[in-house]
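The structure appears below as structure tokens.
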Amino acid sequence: MQDSCIFCKIINKTIPSSIIKENEDVIVIKDLYPKAPVHYLIIPKKHFSDIKDLEDSEINLAGKLLLMAKELSHDLSGSRAFRLVSNNGKESGQCVFHFHIHFLSGKQLLDF
Ligand code: 5GP
Ligand code: ZN
């Protein structure tokens, strides 16, 4: 938990969010400013500023984040296509410095 971190506050329910799924280690919320019809954020409950902050010992948690993406895909319609994006560092576009993975779906996502 980092006092100034908005995602830590969301995880601790001190600020509201639209929660899609939650378990012991991971929370999934709707992005407040969606860039696609389905735009979720897959967030570890433990605070890391980005992937560079992950220790080797977090291998289990890293796997759980990907398996959460698989779980979310079960509720998609059609071909169940989706894209995962993770910004790491200010120059990559990261603006919330609590590691998270964007889960995007619901439209053609060809421009990359
Ligand atoms: P980043 O640019 O760090 O990869 O992504 C941060 C994402 O968090 C952005 O897509 C932004 O719309 C979303 N976001 C920022 N503040 C909030 C908030 O208070 N609640 C929710 N649900 N999403 C937020
Ligand atoms: Zn945090």
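In the structure tokens, the first chain shown is A, the next is B, and so on; residue numbers restart at 1 for each chain, and ligands run from 1 in the order shown.
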Within 10 Å of ligand 2, which residues of chain A come that close, and what is the closest atom pair and distance in Å for each? Count only C-alpha atoms and all ligand atoms and give it as JSON lines.
```
{"residue": "A:Met1", "atom": "CA", "partner": "ligand 2", "partner_atom_place_in_ligand_line": "1 (Zn)", "distance": 5.6}
{"residue": "A:Gln2", "atom": "CA", "partner": "ligand 2", "partner_atom_place_in_ligand_line": "1 (Zn)", "distance": 5.3}
{"residue": "A:Asp3", "atom": "CA", "partner": "ligand 2", "partner_atom_place_in_ligand_line": "1 (Zn)", "distance": 7.8}
{"residue": "A:Ser4", "atom": "CA", "partner": "ligand 2", "partner_atom_place_in_ligand_line": "1 (Zn)", "distance": 7.8}
{"residue": "A:Cys5", "atom": "CA", "partner": "ligand 2", "partner_atom_place_in_ligand_line": "1 (Zn)", "distance": 4.5}
{"residue": "A:Ile6", "atom": "CA", "partner": "ligand 2", "partner_atom_place_in_ligand_line": "1 (Zn)", "distance": 6.4}
{"residue": "A:Phe7", "atom": "CA", "partner": "ligand 2", "partner_atom_place_in_ligand_line": "1 (Zn)", "distance": 5.0}
{"residue": "A:Cys8", "atom": "CA", "partner": "ligand 2", "partner_atom_place_in_ligand_line": "1 (Zn)", "distance": 3.9}
{"residue": "A:Lys9", "atom": "CA", "partner": "ligand 2", "partner_atom_place_in_ligand_line": "1 (Zn)", "distance": 7.3}
{"residue": "A:Ile10", "atom": "CA", "partner": "ligand 2", "partner_atom_place_in_ligand_line": "1 (Zn)", "distance": 8.8}
{"residue": "A:Ile11", "atom": "CA", "partner": "ligand 2", "partner_atom_place_in_ligand_line": "1 (Zn)", "distance": 8.2}
{"residue": "A:Asn12", "atom": "CA", "partner": "ligand 2", "partner_atom_place_in_ligand_line": "1 (Zn)", "distance": 9.9}
{"residue": "A:Ile43", "atom": "CA", "partner": "ligand 2", "partner_atom_place_in_ligand_line": "1 (Zn)", "distance": 9.2}
{"residue": "A:Pro44", "atom": "CA", "partner": "ligand 2", "partner_atom_place_in_ligand_line": "1 (Zn)", "distance": 8.9}
{"residue": "A:Lys45", "atom": "CA", "partner": "ligand 2", "partner_atom_place_in_ligand_line": "1 (Zn)", "distance": 7.7}
{"residue": "A:Lys46", "atom": "CA", "partner": "ligand 2", "partner_atom_place_in_ligand_line": "1 (Zn)", "distance": 7.1}
{"residue": "A:His47", "atom": "CA", "partner": "ligand 2", "partner_atom_place_in_ligand_line": "1 (Zn)", "distance": 4.3}
{"residue": "A:Phe48", "atom": "CA", "partner": "ligand 2", "partner_atom_place_in_ligand_line": "1 (Zn)", "distance": 6.7}
{"residue": "A:Ser49", "atom": "CA", "partner": "ligand 2", "partner_atom_place_in_ligand_line": "1 (Zn)", "distance": 7.2}
{"residue": "A:Val96", "atom": "CA", "partner": "ligand 2", "partner_atom_place_in_ligand_line": "1 (Zn)", "distance": 8.5}
{"residue": "A:Phe97", "atom": "CA", "partner": "ligand 2", "partner_atom_place_in_ligand_line": "1 (Zn)", "distance": 7.1}
{"residue": "A:His98", "atom": "CA", "partner": "ligand 2", "partner_atom_place_in_ligand_line": "1 (Zn)", "distance": 4.6}
{"residue": "A:Phe99", "atom": "CA", "partner": "ligand 2", "partner_atom_place_in_ligand_line": "1 (Zn)", "distance": 7.8}
{"residue": "A:His100", "atom": "CA", "partner": "ligand 2", "partner_atom_place_in_ligand_line": "1 (Zn)", "distance": 9.8}
```
For this session: From the DSSP assignment of the backbone, select every residue of chain A that is strand (DSSP E), and format the answer as a PyMOL selection string.
Result: chain A and resi 19-22+26-30+38-44+83-85+101-105
Could those residues be written to a file, using C-alpha atoms, as a PDB file, in the first residue's frame?
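Final file, out-v7.pdb:
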```pdb
ATOM      1  CA  ILE A  19     -15.088  -3.710 -10.041  1.00  0.00           C
ATOM      2  CA  ILE A  20     -15.373  -6.509 -12.603  1.00  0.00           C
ATOM      3  CA  LYS A  21     -13.590  -9.294 -10.698  1.00  0.00           C
ATOM      4  CA  GLU A  22     -11.543  -9.634  -7.559  1.00  0.00           C
ATOM      5  CA  VAL A  26      -5.773  -9.369  -8.234  1.00  0.00           C
ATOM      6  CA  ILE A  27      -8.518  -6.815  -8.865  1.00  0.00           C
ATOM      7  CA  VAL A  28     -10.042  -5.972 -12.261  1.00  0.00           C
ATOM      8  CA  ILE A  29     -11.761  -2.603 -12.697  1.00  0.00           C
ATOM      9  CA  LYS A  30     -13.262  -0.693 -15.616  1.00  0.00           C
ATOM     10  CA  VAL A  38     -14.304  -3.198 -23.250  1.00  0.00           C
ATOM     11  CA  HIS A  39     -11.421  -1.574 -21.360  1.00  0.00           C
ATOM     12  CA  TYR A  40     -10.471  -3.145 -18.057  1.00  0.00           C
ATOM     13  CA  LEU A  41      -7.401  -2.758 -15.863  1.00  0.00           C
ATOM     14  CA  ILE A  42      -5.919  -5.939 -14.359  1.00  0.00           C
ATOM     15  CA  ILE A  43      -4.139  -4.810 -11.197  1.00  0.00           C
ATOM     16  CA  PRO A  44      -2.102  -6.771  -8.630  1.00  0.00           C
ATOM     17  CA  ARG A  83      -5.373  -7.110 -26.507  1.00  0.00           C
ATOM     18  CA  LEU A  84      -3.181  -6.714 -23.427  1.00  0.00           C
ATOM     19  CA  VAL A  85      -1.068  -3.562 -22.992  1.00  0.00           C
ATOM     20  CA  ILE A 101      -2.313  -4.467 -17.557  1.00  0.00           C
ATOM     21  CA  HIS A 102      -4.894  -2.935 -19.892  1.00  0.00           C
ATOM     22  CA  PHE A 103      -7.431  -5.476 -21.249  1.00  0.00           C
ATOM     23  CA  LEU A 104      -9.001  -4.134 -24.459  1.00  0.00           C
ATOM     24  CA  SER A 105     -11.701  -5.668 -26.623  1.00  0.00           C
TER      25      SER A 105
END
```
Problem set entry | Residues near Lys107 of chain A, cut-off 12 Å, only C-alpha atoms, skip fewer than 5 positions along chain, as a count of residues only | 13
For this session: Report the distance between atom CA of Leu72 of chain A and atom CA of Lys90 of chain A in Å, rounded to one decimal place.
Result: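 Rounded to one decimal, the two atoms are 27.4 Å apart.
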For this session: Using only C-alpha atoms, pick whichever of A:Leu109, A:Leu67, A:Asp31, A:Gly89 has the shortest atom-to-atom distance to Asp53 of chain A.
Result: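 Of A:Leu109, A:Leu67, A:Asp31, A:Gly89, the one nearest Asp53 of chain A, counting only C-alpha atoms, is A:Gly89.
Checking A:Asn23, A:Met68, A:Lys13, A:Leu32 one by one against ligand 1, counting only C-alpha atoms and all ligand atoms, you find the shortest gap at A:Leu32.
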For this session: Check chain A with DSSP on the backbone and list each residue it calls alpha helix (DSSP H), as an NGL selection string.
Result: :A and (6-11 or 59-73)
For this session: Enter the distance from atom CA of Ser86 of chain A to atom 4 (O, counted along the ligand's line) of ligand 1, in Å, rounded to one decimal.
Result: 6.0 Å
Problem set entry | Gap from atom CA of Leu65 of chain A to atom CA of Asp50 of chain A - Å, one decimal |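 Atom-to-atom, atom CA of Leu65 of chain A to atom CA of Asp50 of chain A, that is 13.5 Å.
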